[in-house]
file query-v8.cif (mmCIF, C-alpha atoms and all ligand atoms)
data_run
loop_
_atom_site.label_atom_id
_atom_site.label_comp_id
_atom_site.auth_asym_id
_atom_site.auth_seq_id
_atom_site.Cartn_x
_atom_site.Cartn_y
_atom_site.Cartn_z
CA MET A 1 -154.65 -38.67 -53.54
CA LEU A 2 -157.22 -40.03 -51.17
CA GLU A 3 -155.20 -39.00 -48.16
CA GLU A 4 -157.09 -38.82 -44.92
CA GLY A 5 -157.23 -35.02 -44.91
CA SER A 6 -158.83 -34.69 -48.31
CA PHE A 7 -161.06 -37.66 -47.86
CA THR A 8 -164.11 -35.77 -46.65
CA LEU A 9 -163.81 -33.38 -49.59
CA ILE A 10 -163.62 -36.21 -52.09
CA MET A 11 -166.61 -37.86 -50.52
CA LEU A 12 -168.52 -34.63 -50.75
CA LEU A 13 -167.61 -34.17 -54.41
CA LEU A 14 -168.61 -37.71 -55.28
CA SER A 15 -171.87 -37.39 -53.42
CA THR A 16 -172.59 -34.20 -55.32
CA ALA A 17 -171.77 -35.94 -58.59
CA LEU A 18 -174.04 -38.81 -57.66
CA GLY A 19 -176.81 -36.40 -56.76
CA LEU A 20 -176.46 -34.57 -60.06
CA SER A 21 -176.48 -37.83 -61.99
CA PHE A 22 -179.71 -38.84 -60.25
CA LEU A 23 -181.16 -35.49 -61.18
CA ILE A 24 -180.28 -36.04 -64.81
CA GLU A 25 -181.70 -39.54 -64.74
CA ARG A 26 -184.93 -38.16 -63.34
CA PHE A 27 -185.01 -35.44 -66.01
CA LEU A 28 -184.48 -37.98 -68.79
CA GLU A 29 -187.09 -40.26 -67.29
CA ILE A 30 -189.61 -37.43 -67.47
CA VAL A 31 -188.61 -36.48 -71.02
CA ASN A 32 -188.89 -40.12 -72.01
CA GLY A 33 -192.32 -40.29 -70.43
CA LEU A 34 -193.50 -37.17 -72.20
CA TYR A 35 -192.16 -38.47 -75.48
CA LYS A 36 -194.00 -41.75 -75.09
CA LYS A 37 -197.17 -39.97 -74.10
CA THR A 38 -197.00 -37.91 -77.28
CA ALA A 39 -196.21 -40.98 -79.33
CA PHE A 40 -199.19 -42.82 -77.86
CA THR A 41 -201.51 -39.90 -78.55
CA ASN A 42 -200.36 -39.72 -82.13
CA LEU A 43 -200.52 -43.41 -82.79
CA ASP A 44 -204.00 -44.67 -82.07
CA ARG A 45 -202.98 -48.29 -81.83
CA PHE A 46 -200.82 -47.51 -78.82
CA ALA A 47 -203.37 -45.30 -77.15
CA GLY A 48 -204.36 -46.15 -73.64
CA VAL A 49 -201.67 -48.73 -72.87
CA PRO A 50 -201.58 -48.63 -69.08
CA GLY A 51 -198.46 -48.90 -66.98
CA GLU A 52 -196.15 -48.55 -69.93
CA GLN A 53 -192.47 -48.03 -69.10
CA GLY A 54 -191.75 -44.34 -69.11
CA GLU A 55 -195.09 -43.48 -67.60
CA ILE A 56 -194.78 -40.39 -65.46
CA LEU A 57 -195.49 -41.15 -61.86
CA SER A 58 -197.80 -38.91 -59.94
CA GLU A 59 -196.16 -36.90 -57.15
CA PRO A 60 -197.37 -39.05 -54.25
CA GLN A 61 -196.13 -42.15 -56.05
CA GLN A 62 -192.71 -40.58 -56.54
CA GLU A 63 -192.50 -39.65 -52.89
CA GLU A 64 -193.45 -43.15 -51.90
CA LEU A 65 -190.70 -44.57 -54.08
CA GLU A 66 -188.12 -42.16 -52.81
CA GLU A 67 -188.95 -42.94 -49.23
CA SER A 68 -188.56 -46.64 -49.70
CA HIS A 69 -185.56 -46.54 -51.98
CA PRO A 70 -182.66 -44.29 -52.87
CA PRO A 71 -183.29 -42.54 -56.18
CA ILE A 72 -181.37 -45.29 -57.99
CA LEU A 73 -184.79 -46.42 -59.23
CA PHE A 74 -184.80 -43.86 -61.98
CA THR A 75 -182.58 -45.39 -64.56
CA VAL A 76 -183.05 -44.68 -68.20
CA ASP A 77 -180.97 -47.52 -69.51
CA LYS A 78 -183.58 -50.14 -68.73
CA ILE A 79 -185.26 -49.33 -72.02
CA GLU A 80 -184.33 -52.04 -74.43
CA PRO A 81 -184.77 -50.71 -77.94
CA ALA A 82 -186.98 -53.00 -79.95
CA ASN A 83 -186.93 -51.14 -83.21
CA ALA A 84 -185.26 -48.32 -85.10
CA LEU A 85 -187.60 -45.72 -83.65
CA GLU A 86 -186.78 -46.70 -80.09
CA THR A 87 -183.06 -46.95 -80.82
CA THR A 88 -183.15 -43.37 -82.07
CA GLN A 89 -185.08 -42.38 -78.98
CA VAL A 90 -182.54 -43.96 -76.59
CA PHE A 91 -179.69 -42.39 -78.53
CA LEU A 92 -181.29 -38.96 -78.39
CA LEU A 93 -181.94 -39.36 -74.68
CA GLN A 94 -178.30 -40.19 -74.07
CA ILE A 95 -177.18 -37.16 -76.08
CA LEU A 96 -179.61 -35.07 -74.06
CA GLY A 97 -178.16 -36.49 -70.84
CA VAL A 98 -174.61 -35.59 -71.84
CA LEU A 99 -175.71 -32.10 -72.90
CA ALA A 100 -177.51 -31.59 -69.59
CA GLY A 101 -174.51 -32.93 -67.63
CA THR A 102 -171.91 -30.82 -69.38
CA GLY A 103 -174.24 -27.81 -69.27
CA ILE A 104 -174.63 -28.03 -65.50
CA CYS A 105 -170.96 -28.73 -64.79
CA LEU A 106 -169.72 -25.93 -67.04
CA ALA A 107 -172.28 -23.50 -65.67
CA VAL A 108 -171.29 -24.04 -62.03
CA ASP A 109 -167.69 -24.96 -62.81
CA PHE A 110 -167.95 -28.36 -61.16
CA GLY A 111 -164.94 -30.55 -61.89
CA LEU A 112 -164.36 -33.90 -60.24
CA PHE A 113 -161.21 -35.31 -61.77
CA ALA A 114 -158.55 -32.85 -60.64
CA PRO A 115 -159.59 -32.89 -56.93
CA ILE A 116 -159.64 -36.70 -56.75
CA GLY A 117 -156.23 -36.88 -58.39
CA LEU A 118 -157.16 -38.31 -61.77
CA PHE A 119 -155.81 -36.37 -64.77
CA ASP A 120 -153.60 -34.08 -62.70
CA GLY A 121 -153.10 -30.67 -64.22
CA ILE A 122 -156.05 -30.55 -66.59
CA SER A 123 -157.77 -27.22 -66.99
CA ALA A 124 -160.86 -26.44 -64.95
CA ARG A 125 -163.03 -26.20 -68.07
CA LEU A 126 -161.88 -29.54 -69.43
CA ASP A 127 -162.40 -31.07 -66.00
CA ALA A 128 -165.95 -29.68 -65.89
CA LEU A 129 -166.57 -30.98 -69.42
CA LEU A 130 -165.37 -34.50 -68.60
CA THR A 131 -167.29 -34.49 -65.33
CA GLY A 132 -170.41 -33.43 -67.24
CA ILE A 133 -170.00 -36.31 -69.68
CA LEU A 134 -169.58 -38.73 -66.77
CA ILE A 135 -172.63 -37.43 -64.94
CA GLY A 136 -174.66 -37.25 -68.16
CA GLY A 137 -174.32 -41.02 -68.39
CA GLY A 138 -176.44 -41.40 -65.26
CA SER A 139 -175.55 -42.80 -61.86
CA GLN A 140 -173.94 -46.01 -63.12
CA PRO A 141 -170.64 -44.39 -64.27
CA VAL A 142 -170.40 -42.49 -60.97
CA HIS A 143 -170.86 -45.75 -59.10
CA PHE A 144 -168.02 -47.25 -61.13
CA LEU A 145 -165.81 -44.31 -60.21
CA ILE A 146 -166.63 -44.71 -56.51
CA GLU A 147 -165.83 -48.41 -56.69
CA PHE A 148 -162.58 -47.70 -58.53
CA LEU A 149 -161.48 -45.16 -55.93
CA SER A 150 -162.37 -47.50 -53.07
CA LEU A 151 -160.27 -50.25 -54.60
CA ARG A 152 -157.38 -47.90 -55.25
CA LYS A 153 -157.43 -46.83 -51.65
CA VAL A 154 -157.06 -50.46 -50.63
CA ALA A 155 -154.23 -50.98 -53.10
CA ALA A 156 -152.47 -47.90 -51.74
CA GLY A 157 -152.59 -49.20 -48.17
CA PRO A 158 -149.47 -50.40 -46.36
CA ALA A 159 -148.33 -53.66 -47.85
CA GLY A 160 -147.67 -56.76 -45.85
CA THR A 161 -149.29 -55.64 -42.63
CA LEU A 162 -152.07 -57.61 -41.11
CA PRO A 163 -155.23 -55.54 -41.39
CA VAL A 164 -156.19 -54.31 -37.98
CA VAL A 165 -159.15 -52.56 -36.56
CA GLY A 166 -160.08 -48.99 -35.72
CA SER A 167 -157.60 -46.35 -34.73
CA GLN A 168 -157.51 -46.63 -30.97
CA GLY A 169 -157.98 -50.24 -30.18
CA VAL A 170 -155.66 -53.08 -29.51
CA ILE A 171 -156.88 -56.55 -30.19
CA VAL A 172 -156.26 -58.97 -27.39
CA ASP A 173 -155.85 -62.64 -28.14
CA SER A 174 -152.75 -62.18 -30.27
CA GLY A 175 -149.17 -61.17 -29.61
CA GLU A 176 -148.88 -59.02 -32.70
CA ASP A 177 -148.82 -55.27 -32.74
CA LYS A 178 -152.25 -54.09 -33.76
CA THR A 179 -151.63 -50.45 -34.48
CA CYS A 180 -154.59 -49.53 -36.51
CA THR A 181 -154.38 -49.04 -40.22
CA PHE A 182 -157.65 -50.58 -41.14
CA ASP A 183 -160.78 -48.86 -42.24
CA ILE A 184 -164.23 -49.65 -43.45
CA LEU A 185 -163.44 -49.07 -47.10
CA ASP A 186 -161.03 -51.97 -46.99
CA VAL A 187 -163.96 -54.36 -46.80
CA PRO A 188 -164.48 -55.11 -50.48
CA TYR A 189 -167.97 -55.14 -51.91
CA ASN A 190 -169.23 -54.91 -55.46
CA GLY A 191 -172.38 -57.00 -55.39
CA GLY A 192 -170.69 -60.39 -55.24
CA TYR A 193 -170.94 -63.19 -57.76
CA LYS A 194 -173.08 -62.25 -60.79
CA PRO A 195 -175.18 -59.59 -59.04
CA GLU A 196 -177.36 -59.10 -62.11
CA SER A 197 -178.59 -62.69 -61.86
CA LEU A 198 -180.50 -61.70 -58.71
CA GLU A 199 -181.92 -58.47 -60.11
CA ASN A 200 -185.51 -59.67 -60.04
CA ARG A 201 -185.34 -62.40 -57.44
CA ASN A 202 -184.50 -63.03 -53.78
CA LEU A 203 -185.83 -59.56 -52.95
CA ARG A 204 -185.71 -58.78 -49.27
CA PRO A 205 -189.10 -58.36 -47.61
CA ALA A 206 -187.46 -56.07 -45.04
CA PRO A 207 -183.96 -54.99 -44.06
CA PRO A 208 -181.88 -57.79 -42.48
CA ASP A 209 -181.99 -57.98 -38.69
CA LEU A 210 -180.01 -61.18 -38.14
CA ILE A 211 -176.49 -62.35 -38.97
CA VAL A 212 -175.72 -66.06 -39.22
CA PHE A 213 -172.14 -67.32 -39.22
CA HIS A 214 -171.05 -70.63 -40.70
CA HIS A 215 -168.08 -72.73 -41.61
CA THR A 216 -168.11 -73.99 -45.21
CA ALA A 217 -167.35 -77.53 -43.97
CA MET A 218 -164.94 -77.78 -46.88
CA HIS A 219 -161.14 -78.09 -46.65
CA SER A 220 -159.57 -74.92 -45.27
CA ASP A 221 -157.50 -74.68 -48.46
CA ALA A 222 -160.57 -74.62 -50.69
CA THR A 223 -161.04 -71.46 -52.72
CA PHE A 224 -163.94 -69.07 -53.07
CA GLU A 225 -164.50 -70.48 -56.57
CA ASP A 226 -164.82 -73.96 -55.02
CA VAL A 227 -167.58 -72.68 -52.73
CA VAL A 228 -169.47 -71.02 -55.58
CA ARG A 229 -169.11 -74.11 -57.76
CA GLU A 230 -170.36 -76.37 -54.98
CA ILE A 231 -173.41 -74.24 -54.31
CA VAL A 232 -174.38 -72.99 -57.76
CA GLU A 233 -173.33 -75.89 -59.96
CA VAL A 234 -173.51 -78.93 -57.68
CA LYS A 235 -176.44 -77.91 -55.49
CA GLY A 236 -178.08 -75.82 -58.20
CA TRP A 237 -179.04 -72.98 -55.89
CA SER A 238 -179.47 -69.41 -57.10
CA THR A 239 -176.95 -68.12 -54.57
CA GLY A 240 -175.44 -68.91 -51.16
CA TYR A 241 -173.67 -67.08 -48.34
CA HIS A 242 -173.35 -63.32 -48.61
CA SER A 243 -169.65 -63.38 -47.79
CA VAL A 244 -166.97 -66.05 -47.63
CA ILE A 245 -163.72 -65.59 -45.71
CA ALA A 246 -160.70 -67.56 -46.91
CA SER A 247 -158.17 -69.03 -44.48
CA ASP A 248 -155.75 -66.20 -45.22
CA GLY A 249 -158.40 -63.60 -44.35
CA THR A 250 -159.36 -62.70 -47.92
CA ILE A 251 -162.94 -61.46 -48.09
CA ASP A 252 -165.05 -62.56 -51.06
CA ASN A 253 -168.68 -61.73 -51.59
CA PHE A 254 -171.06 -64.25 -53.06
CA CYS A 255 -174.68 -63.15 -52.66
CA ARG A 256 -175.71 -59.52 -53.04
CA TRP A 257 -176.24 -58.02 -49.61
CA ASP A 258 -179.51 -56.45 -50.72
CA ARG A 259 -180.89 -59.88 -51.60
CA THR A 260 -181.73 -62.89 -49.46
CA GLY A 261 -179.08 -65.55 -49.59
CA VAL A 262 -179.37 -69.31 -49.33
CA HIS A 263 -177.51 -70.38 -46.21
CA ALA A 264 -179.82 -70.91 -43.24
CA LEU A 265 -183.20 -72.48 -43.94
CA GLY A 266 -185.98 -70.73 -42.08
CA VAL A 267 -184.18 -67.42 -41.58
CA ASN A 268 -182.85 -66.63 -45.05
CA GLY A 269 -185.48 -63.97 -45.55
CA ARG A 270 -184.28 -61.82 -42.67
CA SER A 271 -180.59 -62.60 -42.40
CA LEU A 272 -177.13 -62.06 -43.79
CA GLY A 273 -174.87 -65.11 -43.93
CA ILE A 274 -171.11 -65.29 -43.60
CA ALA A 275 -169.01 -68.44 -43.91
CA LEU A 276 -165.44 -69.06 -42.86
CA GLN A 277 -163.60 -71.41 -45.17
CA GLY A 278 -162.83 -74.70 -43.41
CA ASN A 279 -164.34 -77.31 -41.13
CA PHE A 280 -164.20 -76.50 -37.43
CA HIS A 281 -166.18 -79.42 -36.13
CA THR A 282 -163.93 -81.69 -34.12
CA GLU A 283 -166.24 -84.09 -32.30
CA PRO A 284 -164.77 -87.53 -32.98
CA GLY A 285 -167.26 -89.90 -34.51
CA ASP A 286 -169.57 -87.23 -35.89
CA PRO A 287 -170.08 -87.36 -39.64
CA PHE A 288 -167.56 -85.13 -41.46
CA SER A 289 -165.69 -84.46 -38.22
CA ASN A 290 -162.35 -82.70 -38.65
CA ASP A 291 -160.93 -84.05 -35.37
CA ARG A 292 -157.69 -85.19 -36.98
CA GLY A 293 -157.34 -82.28 -39.39
CA GLN A 294 -158.70 -84.25 -42.32
CA PHE A 295 -160.11 -80.97 -43.64
CA GLY A 296 -157.13 -78.79 -42.83
CA ASN A 297 -157.24 -76.16 -40.06
CA ILE A 298 -159.28 -77.24 -37.06
CA ARG A 299 -159.98 -73.63 -36.03
CA PRO A 300 -160.10 -70.36 -37.98
CA ALA A 301 -156.78 -68.57 -38.47
CA ASP A 302 -156.46 -65.26 -36.59
CA SER A 303 -156.58 -63.16 -39.75
CA GLN A 304 -159.58 -65.12 -40.98
CA LEU A 305 -161.51 -64.56 -37.76
CA LEU A 306 -160.62 -60.88 -37.85
CA SER A 307 -161.80 -60.43 -41.45
CA ALA A 308 -165.06 -62.15 -40.60
CA ALA A 309 -165.48 -59.87 -37.58
CA LYS A 310 -164.97 -56.81 -39.80
CA VAL A 311 -167.66 -57.88 -42.23
CA VAL A 312 -170.09 -58.60 -39.39
CA ALA A 313 -169.32 -55.26 -37.71
CA LEU A 314 -169.79 -53.47 -41.02
CA TRP A 315 -173.16 -55.14 -41.53
CA CYS A 316 -174.21 -54.09 -38.03
CA HIS A 317 -173.35 -50.48 -38.88
CA LEU A 318 -174.88 -50.57 -42.38
CA TYR A 319 -178.15 -52.20 -41.41
CA LYS A 320 -178.40 -50.96 -37.84
CA ILE A 321 -178.27 -54.46 -36.38
CA PRO A 322 -177.47 -54.42 -32.64
CA VAL A 323 -174.35 -56.39 -31.69
CA LYS A 324 -175.95 -59.08 -29.55
CA PHE A 325 -174.47 -62.54 -29.81
CA GLY A 326 -177.04 -65.24 -29.31
CA GLU A 327 -179.80 -62.88 -30.46
CA THR A 328 -178.91 -60.86 -33.55
CA ILE A 329 -175.64 -62.62 -34.36
CA VAL A 330 -175.84 -66.39 -34.20
CA ALA A 331 -174.02 -69.51 -35.29
CA HIS A 332 -175.95 -71.58 -37.80
CA ARG A 333 -176.49 -74.27 -35.17
CA GLU A 334 -178.42 -71.78 -33.03
CA VAL A 335 -181.22 -71.57 -35.60
CA ARG A 336 -181.09 -75.03 -37.12
CA ALA A 337 -180.19 -78.60 -36.16
CA THR A 338 -176.64 -78.67 -37.55
CA ALA A 339 -173.06 -78.77 -36.27
CA CYS A 340 -172.20 -75.56 -38.19
CA ALA A 341 -170.03 -73.50 -37.48
CA GLY A 342 -168.35 -76.41 -35.72
CA SER A 343 -167.72 -77.46 -32.12
CA ASN A 344 -164.25 -75.89 -32.19
CA PHE A 345 -165.38 -72.48 -33.46
CA PRO A 346 -163.96 -69.84 -31.08
CA SER A 347 -167.25 -68.05 -30.44
CA ALA A 348 -166.05 -65.96 -27.50
CA ALA A 349 -163.01 -64.64 -29.38
CA PHE A 350 -165.18 -63.91 -32.40
CA GLU A 351 -167.65 -61.98 -30.29
CA GLU A 352 -164.85 -59.94 -28.78
CA LEU A 353 -163.45 -59.06 -32.21
CA VAL A 354 -166.83 -58.07 -33.62
CA LYS A 355 -167.49 -55.80 -30.65
CA HIS A 356 -164.03 -54.33 -30.98
CA CYS A 357 -164.47 -53.53 -34.69
CA TYR A 358 -167.96 -52.20 -34.16
CA GLU A 359 -166.90 -49.84 -31.41
CA ALA A 360 -163.78 -48.69 -33.24
CA TRP A 361 -165.99 -47.78 -36.18
CA ASN A 362 -168.08 -45.47 -34.07
CA SER A 363 -165.26 -42.96 -34.55
CA HIS A 364 -165.91 -39.84 -36.59
CA GLU A 365 -163.44 -40.89 -39.32
CA ALA A 366 -165.00 -44.32 -39.67
CA GLN A 367 -168.51 -42.89 -39.79
CA THR A 368 -167.40 -40.57 -42.58
CA GLU A 369 -166.13 -43.59 -44.47
CA LEU A 370 -169.39 -45.34 -43.80
CA VAL A 371 -171.29 -42.55 -45.56
CA PHE A 372 -168.98 -43.09 -48.52
CA TYR A 373 -169.44 -46.86 -48.34
CA LYS A 374 -173.21 -46.45 -48.46
CA GLN A 375 -172.90 -45.03 -51.98
CA LYS A 376 -172.00 -48.47 -53.27
CA GLN A 377 -174.45 -50.34 -55.43
CA TYR A 378 -176.39 -53.42 -54.35
CA LEU A 379 -176.44 -52.53 -50.67
CA TYR A 380 -180.07 -51.89 -49.90
CA SER A 381 -183.21 -53.66 -50.94
CA GLU A 382 -186.12 -51.68 -52.29
CA ASN A 383 -187.90 -52.10 -48.99
CA ARG A 384 -185.07 -50.64 -47.02
CA GLU A 385 -185.90 -48.62 -44.00
CA VAL A 386 -182.41 -48.10 -42.74
ZN ZN A 401 -173.98 -73.39 -41.83
#
call {"tool": "encode", "arguments": {"input": "query-v8.cif", "output": "structure tokens"}}
result
Amino acid sequence: MLEEGSFTLIMLLLSTALGLSFLIERFLEIVNGLYKKTAFTNLDRFAGVPGEQGEILSEPQQEELEESHPPILFTVDKIEPANALETTQVFLLQILGVLAGTGICLAVDFGLFAPIGLFDGISARLDALLTGILIGGGSQPVHFLIEFLSLRKVAAGPAGTLPVVGSQGVIVDSGEDKTCTFDILDVPYNGGYKPESLENRNLRPAPPDLIVFHHTAMHSDATFEDVVREIVEVKGWSTGYHSVIASDGTIDNFCRWDRTGVHALGVNGRSLGIALQGNFHTEPGDPFSNDRGQFGNIRPADSQLLSAAKVVALWCHLYKIPVKFGETIVAHREVRATACAGSNFPSAAFEELVKHCYEAWNSHEAQTELVFYKQKQYLYSENREV
């Protein structure tokens, strides 16, 4: 299950499933629109309501939307039933979706579960039926399945080994054996902390073209929850950094990557922000200096720096950001009067690791995984051009 050999096949199957689910969503959207149109014609008091949800878009409008956004736009579930009539309508639409899904899957004998290793040994017809039900629910259930499989792949990885980069490379700067077992899918991402809270806000005006790295300036033992609490509850901000890397290298996501974070005033609109847990400023006498280790580690741990480098390299691949330190990848202090990410931050080593990860992920295997990774939700803003 999810072995390297079968990986491309699984990806292909899931992409097909996702495509079919989009198709069904589109179909239901049109049915819903037609239904509303009829309802409006029949009921005079509703006649002529412009821009009503469910309105059928003209062809050029649809093309425009598809160009600027993956077809995720067409979701049926956004309809919130306000009365019995609408509840019936939503229910009927869902039934229709399941019928369409099972119809398609049975007709072309498309089964997803046996090939990906779930429900081993089920019959092809039952597999097609279950797959149809899944797809009939729209793209959301398929996204859940993709996320589940990504996580399971991580869980199935070799235990106790330090995650390392790419398949060919050796990371300098450390005595440990860096035989590569790490891949892109091991970078966790599911939209971060309460992704739905940013649904209608912090929209990106354009794809990100800058990456800003920080230290949290908190104790290196502080947790991800501490960071979220500090920013959301104490500061009262809507969100913060996009990713936070704990001292042990654990990667947590805070702000949705398809939304602008709150981490670097002046460049939030165009950037992605990553923070390493800890305080790496060691200038004696400066406010909040960690020169005597008052805040724990005075420089990032190796595994922490490596995890941060992976996230940055992944962003560069996902959003086509060139790897240019000092230009497209900067410390907070390079864009703002601040000590962040600290005077003792090992910038040169970090740069080397990012470049190493980025280049390792130019491999064919990694690029295949990248295609898979791009199926995740909350990755691209509606204005994406990547
Ligand atoms: Zn900062």
call {"tool": "residues_near_ligand", "arguments": {"input": "query-v8.cif", "ligand": "ligand ZN 401 (chain A)", "cutoff": "12 Å", "atoms": "only C-alpha atoms and all ligand atoms", "output": "count of residues only"}}
result
40
call {"tool": "residues_around", "arguments": {"input": "query-v8.cif", "residues": "range 294-298 of chain A", "least_positions_apart": "3", "cutoff": "6 Å", "atoms": "all atoms listed in the file", "output": "ChimeraX atom specification"}}
result
/A:219-220,280,290
call {"tool": "write_last_selection", "arguments": {"input": "query-v8.cif", "atoms": "C-alpha atoms", "output": "mmCIF file, in the coordinates of the input"}}
result
data_model
loop_
_atom_site.group_PDB
_atom_site.id
_atom_site.type_symbol
_atom_site.label_atom_id
_atom_site.label_comp_id
_atom_site.auth_asym_id
_atom_site.auth_seq_id
_atom_site.Cartn_x
_atom_site.Cartn_y
_atom_site.Cartn_z
ATOM 1 C CA HIS A 219 -161.140 -78.090 -46.650
ATOM 2 C CA SER A 220 -159.570 -74.920 -45.270
ATOM 3 C CA PHE A 280 -164.200 -76.500 -37.430
ATOM 4 C CA ASN A 290 -162.350 -82.700 -38.650
#
call {"tool": "atom_distance", "arguments": {"input": "query-v8.cif", "atom1": "CA of Leu306 in chain A", "atom2": "CA of Lys324 in chain A"}}
result
17.5 Å
call {"tool": "atom_distance", "arguments": {"input": "query-v8.cif", "atom1": "CA of Ile104 in chain A", "atom2": "CA of Leu9 in chain A"}}
result
20.0 Å
call {"tool": "residues_around", "arguments": {"input": "query-v8.cif", "residues": "Asp252 in chain A", "least_positions_apart": "2", "cutoff": "9 Å", "atoms": "all atoms listed in the file", "output": "mmCIF file with C-alpha atoms, in the coordinates of the input"}}
result
data_model
loop_
_atom_site.group_PDB
_atom_site.id
_atom_site.type_symbol
_atom_site.label_atom_id
_atom_site.label_comp_id
_atom_site.auth_asym_id
_atom_site.auth_seq_id
_atom_site.Cartn_x
_atom_site.Cartn_y
_atom_site.Cartn_z
ATOM 1 C CA PRO A 188 -164.480 -55.110 -50.480
ATOM 2 C CA TYR A 189 -167.970 -55.140 -51.910
ATOM 3 C CA GLY A 192 -170.690 -60.390 -55.240
ATOM 4 C CA TYR A 193 -170.940 -63.190 -57.760
ATOM 5 C CA PHE A 224 -163.940 -69.070 -53.070
ATOM 6 C CA HIS A 242 -173.350 -63.320 -48.610
ATOM 7 C CA SER A 243 -169.650 -63.380 -47.790
ATOM 8 C CA VAL A 244 -166.970 -66.050 -47.630
ATOM 9 C CA ILE A 245 -163.720 -65.590 -45.710
ATOM 10 C CA ALA A 246 -160.700 -67.560 -46.910
ATOM 11 C CA THR A 250 -159.360 -62.700 -47.920
ATOM 12 C CA PHE A 254 -171.060 -64.250 -53.060
#
call {"tool": "atom_distance", "arguments": {"input": "query-v8.cif", "atom1": "CA of Asp109 in chain A", "atom2": "CA of Ile24 in chain A"}}
result
16.9 Å
call {"tool": "closest_residue", "arguments": {"input": "query-v8.cif", "among": "A:Ser289, A:Gln94, A:Asn190, A:Ser197", "to": "Asn253 in chain A", "atoms": "only C-alpha atoms"}}
result
A:Asn190
call {"tool": "closest_residue", "arguments": {"input": "query-v8.cif", "among": "A:Ile321, A:Val187, A:Leu20, A:Ala124", "to": "Glu369 in chain A", "atoms": "all atoms listed in the file"}}
result
A:Val187
call {"tool": "residues_around", "arguments": {"input": "query-v8.cif", "residues": "Lys355 in chain A", "least_positions_apart": "3", "cutoff": "9 Å", "atoms": "only C-alpha atoms", "output": "PDB file with C-alpha atoms, in the coordinates of the input"}}
result
ATOM      1  CA  ALA A 309    -165.480 -59.870 -37.580  1.00  0.00           C
ATOM      2  CA  ALA A 313    -169.320 -55.260 -37.710  1.00  0.00           C
ATOM      3  CA  VAL A 323    -174.350 -56.390 -31.690  1.00  0.00           C
ATOM      4  CA  PHE A 350    -165.180 -63.910 -32.400  1.00  0.00           C
ATOM      5  CA  GLU A 351    -167.650 -61.980 -30.290  1.00  0.00           C
ATOM      6  CA  GLU A 352    -164.850 -59.940 -28.780  1.00  0.00           C
ATOM      7  CA  TYR A 358    -167.960 -52.200 -34.160  1.00  0.00           C
ATOM      8  CA  GLU A 359    -166.900 -49.840 -31.410  1.00  0.00           C
ATOM      9  CA  ALA A 360    -163.780 -48.690 -33.240  1.00  0.00           C
TER      10      ALA A 360
END
call {"tool": "closest_residue", "arguments": {"input": "query-v8.cif", "among": "A:Leu134, A:Gln140, A:Ile231, A:Leu28", "to": "Gln89 in chain A", "atoms": "only C-alpha atoms"}}
result
A:Leu28
call {"tool": "residues_around", "arguments": {"input": "query-v8.cif", "residues": "Leu18 in chain A", "least_positions_apart": "5", "cutoff": "8 Å", "atoms": "all atoms listed in the file", "output": "PyMOL selection string"}}
result
chain A and resi 135+139+142-143
call {"tool": "closest_residue", "arguments": {"input": "query-v8.cif", "among": "A:Leu99, A:Leu145, A:Ala348, A:Leu85", "to": "Gln377 in chain A", "atoms": "only C-alpha atoms"}}
result
A:Leu145
call {"tool": "closest_residue", "arguments": {"input": "query-v8.cif", "among": "A:Tyr380, A:Cys357, A:Thr131, A:Lys374", "to": "Val108 in chain A", "atoms": "only C-alpha atoms"}}
result
A:Thr131
call {"tool": "axis_aligned_box", "arguments": {"input": "query-v8.cif", "around": "range 308-327 of chain A", "padding_each_side": "5 Å", "output": "JSON"}}
result
{"center_x": -172.4, "center_y": -57.9, "center_z": -35.8, "size_x": 24.8, "size_y": 24.8, "size_z": 23.1}
call {"tool": "residues_near_point", "arguments": {"input": "query-v8.cif", "point": "(-179.8, -54.7, -49.1)", "cutoff": "9 Å", "atoms": "all atoms listed in the file", "output": "ChimeraX atom specification"}}
result
/A:203-204,206-208,256-260,319,378-384
